[in-house]
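S.K.: Below is final17.csv; it holds CSV, C-alpha atoms.
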```csv
chain,number,residue,atom,x,y,z
Q,229,MET,CA,-10.9,-6.8,50.5
Q,230,THR,CA,-11.7,-10.5,49.9
Q,231,LEU,CA,-9.1,-13.1,48.9
Q,232,PHE,CA,-10.2,-13.2,45.3
Q,233,ASP,CA,-10.0,-9.4,45.0
Q,234,SER,CA,-6.5,-9.1,46.3
Q,235,PRO,CA,-4.0,-7.9,43.6
Q,236,ALA,CA,-1.7,-10.7,44.8
Q,237,PHE,CA,-4.2,-13.4,44.2
Q,238,GLU,CA,-3.7,-13.4,40.4
Q,239,GLY,CA,-5.2,-16.7,39.6
Q,240,HIS,CA,-3.8,-18.8,42.4
Q,241,GLU,CA,-4.8,-22.5,41.9
Q,242,GLY,CA,-5.1,-23.1,45.7
Q,243,VAL,CA,-4.7,-21.4,49.0
Q,244,HIS,CA,-4.6,-23.7,52.0
Q,245,ALA,CA,-4.8,-22.8,55.7
Q,246,PHE,CA,-3.7,-25.2,58.4
Q,247,PHE,CA,-4.0,-25.2,62.2
Q,248,ASP,CA,-2.7,-27.7,64.7
Q,249,GLU,CA,-3.8,-27.0,68.3
Q,250,LYS,CA,-1.3,-29.3,70.0
Q,251,SER,CA,1.8,-27.8,68.3
Q,252,GLY,CA,0.5,-24.3,67.8
Q,253,LEU,CA,1.0,-24.4,64.1
Q,254,LYS,CA,-0.7,-21.7,62.1
Q,255,CYS,CA,0.3,-22.0,58.5
Q,256,ILE,CA,-0.8,-20.9,55.0
Q,257,ILE,CA,0.4,-22.7,51.9
Q,258,ALA,CA,-0.3,-20.9,48.6
Q,259,VAL,CA,0.0,-22.7,45.3
Q,260,HIS,CA,0.1,-20.1,42.4
Q,261,SER,CA,0.7,-22.4,39.4
Q,262,THR,CA,1.4,-26.0,38.6
Q,263,ALA,CA,1.5,-25.4,34.8
Q,264,ARG,CA,5.2,-26.2,34.5
Q,265,GLY,CA,5.2,-28.8,37.3
Q,266,PRO,CA,4.6,-29.2,41.0
Q,267,ALA,CA,4.8,-25.9,42.9
Q,268,ALA,CA,8.0,-25.3,44.8
Q,269,GLY,CA,9.0,-22.6,47.2
Q,270,GLY,CA,10.4,-22.1,50.7
Q,271,CYS,CA,8.7,-21.9,54.0
Q,272,ARG,CA,8.9,-18.7,56.0
Q,273,MET,CA,8.3,-18.3,59.7
Q,274,TRP,CA,7.6,-14.8,60.8
Q,275,PRO,CA,5.5,-13.1,63.6
Q,276,PHE,CA,3.0,-11.5,61.2
Q,277,ALA,CA,0.9,-8.8,62.7
Q,278,SER,CA,-2.3,-10.5,61.4
Q,279,ALA,CA,-3.5,-13.4,59.4
Q,280,ASP,CA,-4.3,-11.0,56.6
Q,281,ALA,CA,-0.7,-9.9,56.5
Q,282,ALA,CA,0.5,-13.5,56.4
Q,283,LEU,CA,-1.9,-14.3,53.6
Q,284,GLU,CA,-0.8,-11.4,51.5
Q,285,ASP,CA,2.9,-12.4,52.0
Q,286,ALA,CA,2.1,-16.0,51.0
Q,287,LEU,CA,0.3,-14.9,47.9
Q,288,ARG,CA,2.9,-12.4,46.7
Q,289,LEU,CA,5.8,-14.9,47.4
Q,290,SER,CA,3.9,-17.8,45.7
Q,291,ARG,CA,3.3,-15.7,42.6
Q,292,ALA,CA,7.0,-14.6,42.6
Q,293,MET,CA,8.0,-18.3,42.8
Q,294,SER,CA,6.0,-19.1,39.7
Q,295,TYR,CA,7.9,-16.3,37.9
Q,296,LYS,CA,11.2,-17.3,39.4
Q,297,ASN,CA,10.9,-21.0,38.4
Q,298,ALA,CA,9.8,-20.1,34.9
Q,299,MET,CA,12.7,-17.7,34.4
Q,300,ALA,CA,15.1,-20.4,35.8
Q,301,ASP,CA,13.7,-22.8,33.2
Q,302,LEU,CA,12.7,-25.3,35.8
Q,303,GLU,CA,9.9,-27.9,35.5
Q,304,LEU,CA,8.3,-26.5,38.6
Q,305,GLY,CA,5.4,-24.1,39.4
Q,306,GLY,CA,5.3,-21.6,42.2
Q,307,GLY,CA,4.2,-22.0,45.8
Q,308,LYS,CA,5.0,-20.7,49.2
Q,309,ALA,CA,4.4,-21.5,52.8
Q,310,VAL,CA,4.3,-19.1,55.8
Q,311,ILE,CA,4.1,-20.1,59.4
Q,312,ILE,CA,2.8,-17.5,61.7
Q,313,GLY,CA,5.1,-17.3,64.7
Q,314,ASP,CA,8.4,-16.1,66.2
Q,315,SER,CA,11.2,-18.3,64.9
Q,316,ARG,CA,13.4,-17.3,67.8
Q,317,THR,CA,11.0,-18.6,70.5
Q,318,GLN,CA,8.3,-20.7,69.0
Q,319,LYS,CA,10.1,-23.4,67.0
Q,320,THR,CA,9.6,-27.0,68.2
Q,321,PRO,CA,10.1,-30.4,66.5
Q,322,ALA,CA,6.3,-31.0,66.9
Q,323,LEU,CA,5.5,-27.7,65.1
Q,324,PHE,CA,7.5,-28.7,62.1
Q,325,GLU,CA,6.2,-32.3,62.1
Q,326,ALA,CA,2.7,-30.7,62.0
Q,327,PHE,CA,3.9,-28.5,59.1
Q,328,GLY,CA,5.0,-31.6,57.3
Q,329,ARG,CA,1.6,-33.1,57.6
Q,330,ALA,CA,0.1,-29.9,56.2
Q,331,VAL,CA,2.5,-30.2,53.2
Q,332,GLU,CA,1.5,-33.8,52.8
Q,333,ASP,CA,-2.2,-32.8,52.8
Q,334,VAL,CA,-1.6,-30.6,49.7
Q,335,GLY,CA,-1.2,-33.9,47.8
Q,336,GLY,CA,2.2,-33.5,46.1
Q,337,LYS,CA,1.3,-30.2,44.5
Q,338,TYR,CA,3.8,-28.3,46.7
Q,339,TRP,CA,7.4,-29.0,47.6
Q,340,THR,CA,8.8,-27.0,50.5
Q,341,ALA,CA,12.3,-25.8,51.5
Q,342,GLU,CA,13.9,-23.4,53.9
Q,343,ASP,CA,13.3,-19.6,53.8
Q,344,VAL,CA,13.5,-16.7,56.4
Q,345,GLY,CA,13.2,-18.1,59.9
Q,346,VAL,CA,13.4,-21.7,58.8
Q,347,SER,CA,16.6,-23.9,58.6
Q,348,PRO,CA,17.3,-27.2,57.0
Q,349,ALA,CA,17.5,-28.6,60.5
Q,350,ASP,CA,13.9,-27.5,61.1
Q,351,LEU,CA,12.8,-29.2,57.9
Q,352,MET,CA,14.3,-32.5,59.0
Q,353,HIS,CA,11.4,-32.7,61.4
Q,354,ALA,CA,8.9,-31.9,58.6
Q,355,ARG,CA,10.6,-34.7,56.5
Q,356,LYS,CA,9.3,-37.2,59.1
Q,357,THR,CA,5.7,-36.6,58.0
Q,358,THR,CA,6.1,-35.8,54.3
Q,359,ARG,CA,8.5,-36.6,51.4
Q,360,PHE,CA,7.9,-33.3,49.7
Q,361,VAL,CA,10.8,-31.5,51.4
Q,362,ALA,CA,14.0,-30.5,49.7
Q,363,GLY,CA,17.2,-28.6,50.6
Q,364,LEU,CA,18.3,-31.2,53.2
Q,365,THR,CA,21.3,-33.4,53.9
Q,366,GLY,CA,21.9,-37.1,54.7
Q,367,HIS,CA,20.8,-38.9,51.5
Q,368,ALA,CA,22.2,-39.3,48.0
Q,369,ALA,CA,19.9,-36.9,46.4
Q,370,ALA,CA,20.4,-34.2,49.0
Q,371,SER,CA,21.4,-30.7,47.9
Q,372,GLY,CA,21.9,-29.2,51.3
Q,373,ASP,CA,21.4,-25.6,52.3
Q,374,PRO,CA,20.5,-23.7,49.1
Q,375,SER,CA,21.7,-20.3,50.5
Q,376,PRO,CA,25.2,-20.5,49.1
Q,377,VAL,CA,23.9,-21.2,45.6
Q,378,THR,CA,21.4,-18.3,46.0
Q,379,ALA,CA,24.3,-16.1,47.0
Q,380,GLU,CA,26.4,-17.3,44.0
Q,381,GLY,CA,23.7,-16.3,41.6
Q,382,ILE,CA,23.3,-12.9,43.2
Q,383,PHE,CA,27.1,-12.4,43.1
Q,384,ARG,CA,27.2,-13.2,39.4
Q,385,GLY,CA,24.2,-10.8,38.9
Q,386,VAL,CA,25.9,-8.0,40.8
Q,387,THR,CA,29.0,-8.5,38.8
Q,388,LEU,CA,26.9,-8.3,35.6
Q,389,GLY,CA,25.1,-5.2,36.8
Q,390,VAL,CA,28.3,-3.4,37.7
Q,391,ARG,CA,29.8,-4.3,34.4
Q,392,ARG,CA,26.8,-2.9,32.5
Q,393,ALA,CA,26.2,0.2,34.6
Q,394,LEU,CA,29.7,1.2,35.7
Q,395,ASN,CA,31.8,-0.6,33.0
Q,396,ARG,CA,34.2,-2.1,35.6
Q,397,ASP,CA,34.7,-5.1,37.8
Q,398,LEU,CA,33.9,-5.3,41.5
Q,399,ASP,CA,37.3,-4.4,42.8
Q,400,GLY,CA,36.9,-1.1,44.7
Q,401,VAL,CA,33.1,-0.9,44.2
Q,402,THR,CA,31.1,-0.1,47.3
Q,403,VAL,CA,28.1,-2.3,48.0
Q,404,ALA,CA,25.5,-1.6,50.7
Q,405,VAL,CA,24.1,-5.0,51.8
Q,406,GLN,CA,20.8,-4.9,53.7
Q,407,GLY,CA,20.5,-8.1,55.7
Q,408,VAL,CA,23.5,-10.5,56.3
Q,409,GLY,CA,21.7,-13.6,57.3
Q,410,HIS,CA,22.0,-16.9,55.4
Q,411,VAL,CA,22.1,-15.4,51.9
Q,412,GLY,CA,23.4,-11.9,52.6
Q,413,GLY,CA,26.3,-13.3,54.7
Q,414,TYR,CA,27.5,-15.6,51.9
Q,415,LEU,CA,27.1,-12.7,49.4
Q,416,ALA,CA,29.1,-10.4,51.6
Q,417,ASP,CA,32.0,-13.0,51.7
Q,418,LYS,CA,31.9,-13.3,47.9
Q,419,LEU,CA,31.9,-9.6,47.3
Q,420,HIS,CA,34.7,-9.1,49.8
Q,421,ALA,CA,36.8,-11.7,48.1
Q,422,ALA,CA,36.3,-9.9,44.8
Q,423,GLY,CA,37.6,-6.6,46.3
Q,424,ALA,CA,34.3,-4.8,46.9
Q,425,LYS,CA,34.0,-2.4,49.9
Q,426,LEU,CA,31.0,-3.3,52.1
Q,427,ILE,CA,28.5,-1.3,54.1
Q,428,ILE,CA,26.2,-3.7,56.0
Q,429,THR,CA,23.2,-3.7,58.3
Q,430,ASP,CA,20.9,-6.2,60.0
Q,431,VAL,CA,18.6,-6.4,63.0
Q,432,ASN,CA,20.7,-9.3,64.2
Q,433,ALA,CA,23.7,-7.8,66.0
Q,434,ASP,CA,25.6,-11.1,66.2
Q,435,ALA,CA,25.4,-11.7,62.4
Q,436,LEU,CA,26.5,-8.1,61.8
Q,437,ARG,CA,29.5,-8.5,64.0
Q,438,GLU,CA,30.6,-11.8,62.5
Q,439,VAL,CA,30.3,-10.6,58.9
Q,440,ALA,CA,32.1,-7.3,59.7
Q,441,GLU,CA,34.9,-9.2,61.4
Q,442,ARG,CA,35.3,-11.4,58.3
Q,443,THR,CA,35.0,-8.7,55.6
Q,444,GLY,CA,36.0,-5.4,57.2
Q,445,ALA,CA,32.6,-4.0,56.4
Q,446,LYS,CA,31.3,-0.8,57.8
Q,447,VAL,CA,28.3,-1.3,60.0
Q,448,VAL,CA,25.3,1.1,60.0
Q,449,ALA,CA,21.9,1.2,61.6
Q,450,PRO,CA,19.1,-0.4,59.6
Q,451,ASN,CA,17.5,2.8,58.5
Q,452,GLN,CA,20.8,4.4,57.6
Q,453,ILE,CA,21.6,1.8,54.8
Q,454,PHE,CA,19.4,3.7,52.4
Q,455,ASP,CA,21.6,6.8,52.8
Q,456,ALA,CA,24.9,4.9,52.2
Q,457,ALA,CA,27.3,6.3,49.6
Q,458,ALA,CA,27.3,3.1,47.6
Q,459,ASP,CA,27.5,2.1,44.0
Q,460,VAL,CA,25.3,-0.9,44.5
Q,461,PHE,CA,22.3,-1.5,46.9
Q,462,ALA,CA,21.8,-5.2,47.7
Q,463,PRO,CA,18.5,-5.7,49.6
Q,464,CYS,CA,18.8,-9.2,51.2
Q,465,ALA,CA,16.2,-8.9,53.9
Q,466,LEU,CA,12.4,-8.7,53.6
Q,467,GLY,CA,10.4,-7.3,50.7
Q,468,GLY,CA,9.4,-3.8,49.9
Q,469,ALA,CA,12.9,-2.3,50.6
Q,470,VAL,CA,12.7,0.0,47.6
Q,471,ASN,CA,9.6,2.2,47.9
Q,472,ALA,CA,8.5,5.8,47.6
Q,473,ASP,CA,10.1,6.8,50.8
Q,474,THR,CA,13.5,5.0,50.4
Q,475,LEU,CA,14.1,5.4,46.7
Q,476,PRO,CA,14.9,9.1,46.9
Q,477,ARG,CA,17.6,8.4,49.5
Q,478,LEU,CA,19.4,5.8,47.4
Q,479,LYS,CA,22.6,7.0,45.7
Q,480,CYS,CA,23.4,3.8,43.9
Q,481,LYS,CA,23.5,3.0,40.2
Q,482,VAL,CA,22.6,-0.7,40.6
Q,483,ILE,CA,20.0,-2.4,42.7
Q,484,ALA,CA,20.7,-6.1,42.9
Q,485,GLY,CA,20.0,-8.3,45.9
Q,486,GLY,CA,18.6,-11.5,47.3
Q,487,ALA,CA,15.3,-10.4,48.9
Q,488,ASN,CA,12.0,-11.3,47.3
Q,489,ASN,CA,9.6,-8.5,46.2
Q,490,GLN,CA,12.2,-5.8,46.5
Q,491,LEU,CA,10.1,-3.2,44.8
Q,492,ALA,CA,7.1,-2.0,46.7
Q,493,ASP,CA,5.0,-1.8,43.5
Q,494,ALA,CA,5.1,-1.3,39.8
Q,495,GLU,CA,5.2,2.5,40.2
Q,496,THR,CA,8.5,2.1,42.1
Q,497,GLY,CA,9.9,0.0,39.3
Q,498,ARG,CA,9.1,2.8,36.9
Q,499,ALA,CA,10.6,5.4,39.2
Q,500,VAL,CA,13.8,3.3,39.5
Q,501,TYR,CA,14.1,3.2,35.7
Q,502,GLU,CA,13.4,6.9,35.3
Q,503,ARG,CA,16.2,7.7,37.7
Q,504,GLY,CA,18.6,5.9,35.5
Q,505,MET,CA,19.2,3.1,38.0
Q,506,LEU,CA,19.8,-0.5,36.8
Q,507,TYR,CA,17.5,-2.9,38.6
Q,508,LEU,CA,18.2,-6.6,38.3
Q,509,PRO,CA,14.7,-8.2,38.9
Q,510,ASP,CA,14.8,-10.1,42.2
Q,511,TYR,CA,13.2,-13.3,41.2
Q,512,VAL,CA,15.7,-13.7,38.3
Q,513,ILE,CA,18.9,-12.8,40.2
Q,514,ASN,CA,18.1,-14.8,43.3
Q,515,GLY,CA,17.0,-18.0,41.5
Q,516,GLY,CA,20.1,-20.0,42.4
Q,517,GLY,CA,18.6,-21.4,45.6
Q,518,ILE,CA,15.5,-22.8,43.9
Q,519,ILE,CA,17.7,-24.2,41.1
Q,520,ASN,CA,19.6,-26.1,43.8
Q,521,VAL,CA,16.4,-27.3,45.3
Q,522,ALA,CA,15.1,-28.3,41.9
Q,523,GLY,CA,18.2,-30.4,41.5
Q,524,GLU,CA,17.3,-32.3,44.6
Q,525,ILE,CA,13.7,-32.8,43.6
Q,526,ARG,CA,14.9,-34.0,40.2
Q,527,ALA,CA,17.2,-36.5,41.8
Q,528,LEU,CA,14.5,-37.7,44.2
Q,529,ASP,CA,12.0,-38.3,41.4
Q,530,ARG,CA,14.6,-40.1,39.3
Q,531,GLN,CA,16.1,-42.0,42.3
Q,532,GLU,CA,19.5,-40.7,41.4
Q,533,ALA,CA,22.3,-38.9,43.2
Q,534,PHE,CA,22.3,-35.1,43.2
Q,535,ASP,CA,24.1,-33.6,40.2
Q,536,PRO,CA,26.0,-30.4,40.8
Q,537,ALA,CA,26.8,-30.1,37.1
Q,538,TRP,CA,23.1,-29.8,36.3
Q,539,VAL,CA,22.7,-27.0,38.9
Q,540,GLU,CA,25.7,-25.1,37.4
Q,541,MET,CA,24.3,-25.5,33.9
Q,542,LYS,CA,20.9,-24.0,35.0
Q,543,LEU,CA,22.7,-21.2,36.9
Q,544,ALA,CA,24.7,-20.3,33.9
Q,545,ARG,CA,21.6,-20.3,31.7
Q,546,LEU,CA,19.8,-18.1,34.3
Q,547,MET,CA,22.6,-15.4,33.9
Q,548,GLU,CA,21.9,-15.5,30.2
Q,549,THR,CA,18.2,-14.9,30.9
Q,550,LEU,CA,19.1,-12.0,33.2
Q,551,ASP,CA,21.3,-10.5,30.4
Q,552,GLU,CA,18.3,-10.9,28.0
Q,553,VAL,CA,16.0,-9.0,30.4
Q,554,LEU,CA,18.5,-6.2,30.7
Q,555,ASP,CA,19.0,-6.0,26.9
Q,556,ARG,CA,15.3,-5.9,26.3
Q,557,SER,CA,14.8,-3.2,29.0
Q,558,LYS,CA,17.5,-1.1,27.3
Q,559,THR,CA,16.3,-1.6,23.7
Q,560,GLU,CA,12.5,-1.3,24.5
Q,561,ARG,CA,13.1,1.6,27.0
Q,562,ARG,CA,11.0,-0.1,29.7
Q,563,PRO,CA,11.6,-1.0,33.3
Q,564,SER,CA,13.4,-4.3,33.7
Q,565,ASP,CA,10.8,-5.6,36.1
Q,566,GLN,CA,8.1,-5.1,33.5
Q,567,VAL,CA,10.2,-7.0,30.9
Q,568,ALA,CA,10.9,-9.9,33.3
Q,569,ASN,CA,7.2,-10.1,34.3
Q,570,GLU,CA,6.1,-10.4,30.7
Q,571,MET,CA,8.7,-13.0,30.0
Q,572,ALA,CA,7.8,-15.1,33.0
Q,573,LYS,CA,4.0,-14.9,32.3
Q,574,ALA,CA,4.6,-15.9,28.7
Q,575,ARG,CA,6.6,-19.0,29.8
Q,576,ILE,CA,3.9,-20.0,32.3
Q,577,SER,CA,1.0,-19.4,29.8
Q,578,LEU,CA,2.8,-21.5,27.1
Q,579,ALA,CA,3.2,-24.3,29.6
Q,580,ALA,CA,-0.4,-24.1,30.6
Q,581,GLU,CA,-1.5,-24.3,27.0
Q,582,GLN,CA,0.7,-27.3,26.4
Q,583,LYS,CA,-0.6,-29.0,29.5
Q,584,ALA,CA,-4.2,-28.4,28.5
Q,585,ALA,CA,-3.6,-29.8,25.0
Q,586,ALA,CA,-1.8,-32.9,26.3
```
Give the structure from the file, written as structure tokens.
M.R.:
Amino acid sequence: MTLFDSPAFEGHEGVHAFFDEKSGLKCIIAVHSTARGPAAGGCRMWPFASADAALEDALRLSRAMSYKNAMADLELGGGKAVIIGDSRTQKTPALFEAFGRAVEDVGGKYWTAEDVGVSPADLMHARKTTRFVAGLTGHAAASGDPSPVTAEGIFRGVTLGVRRALNRDLDGVTVAVQGVGHVGGYLADKLHAAGAKLIITDVNADALREVAERTGAKVVAPNQIFDAAADVFAPCALGGAVNADTLPRLKCKVIAGGANNQLADAETGRAVYERGMLYLPDYVINGGGIINVAGEIRALDRQEAFDPAWVEMKLARLMETLDEVLDRSKTERRPSDQVANEMAKARISLAAEQKAAA
């Protein structure tokens, strides 16, 4: 299958591949849409099995960022960067400086931030070679690590989902959290503080132990999380967690988490709906982090200080949008992911029309 035939391509404006021999950088930057503004999305570092796998991930994530930014009502398009490599052993300052040069070469059409395998500290090195980096510290416009804001949005979404599906608050509700890294760990803390009972898993034993000690969570092996007796399944690791193999094992009434591309495909979304499960579309519920990053980009462009009140306003509006998606799904008797996709595409198409007419 060629790049243009890939289902994930879906009209990408640009796909850029970069290689730096000295640092070992192998990077793909995908820009899906700039209709609403410059593309924005995090940088992921992962030991992909092949370049094709890295490209597919970049395309899917980039498209999802277009949808996410549209649903968060941000003046940003969607893009994503992936670095092929093991973040535990192959990170160097030189590699991220080379990544910064790659971002700079895209010419301001893409703003990067942290994602899986990449930290704000890593991106401080990228900031040396490009200004198109957000989610950092040390300047008036800085928003810092976006993970806590992502977790806050997911927490509010889980609360909304439990209220709608179970007609109760979180106290005593059992939540199975798959992945307790940056976002999942913060989410676990918030859920614990609200009285939820936690079942957690992760491939990182240290992270598991730390979160379990803080929250009293029950720890299970990665593959056992799908069999947990939980009211809510919160996928906060990599994509595709809900698929034809895992869905029959889930006992939950609500699926709401921080991972991108949680559903393996559209057929899985239909199956979730037909099973009577409430799915909170991933790129809507996990939009808090990009809102935080957008606040920094906004401040940098305006040469102003970062405004937390603007971020809170956008986050509250995002929850209203999530409520609208779920209302329409119920009224129209359609899977919530279909409804969200249509809403996002309509917002992007309208922006593209207005841009072309300007």
S.K.: Report, in Å to a single decimal, how far apart atom CA of Leu508 of chain Q and atom CA of Gly389 of chain Q are.
M.R.: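 One can read the atom CA of Gly389 of chain Q to atom CA of Leu508 of chain Q distance as 7.2 Å.
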S.K.: Atom CA of Val539 of chain Q to atom CA of Ala368 of chain Q: how many Å, to one decimal?
M.R.: 15.3 Å
S.K.: With only C-alpha atoms counted and 10 Å as the cut-off, give the residues of segment 339-422 of chain Q in contact with segment 299-308 of chain Q, each with its shortest interatomic distance in Å and the pair that gives it, as a tab-separated table.
M.R.:
```
residue	atom	partner	partner_atom	distance
Q:Trp339	CA	Q:Gly307	CA	7.9
Q:Thr340	CA	Q:Lys308	CA	7.5
Q:Ala341	CA	Q:Lys308	CA	9.2
Q:Asp343	CA	Q:Lys308	CA	9.6
```
S.K.: Could you check how far atom CA of Glu495 of chain Q sits from atom CA of Arg477 of chain Q, in Å to one decimal?
M.R.: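 Computing the Euclidean distance for atom CA of Glu495 of chain Q and atom CA of Arg477 of chain Q yields 16.6 Å.
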S.K.: Looking at all atoms listed in the file, which of Q:Arg437, Q:Arg384, Q:Arg391, Q:Lys254 is the one that sits closest to Asp314 of chain Q?
M.R.: Q:Lys254
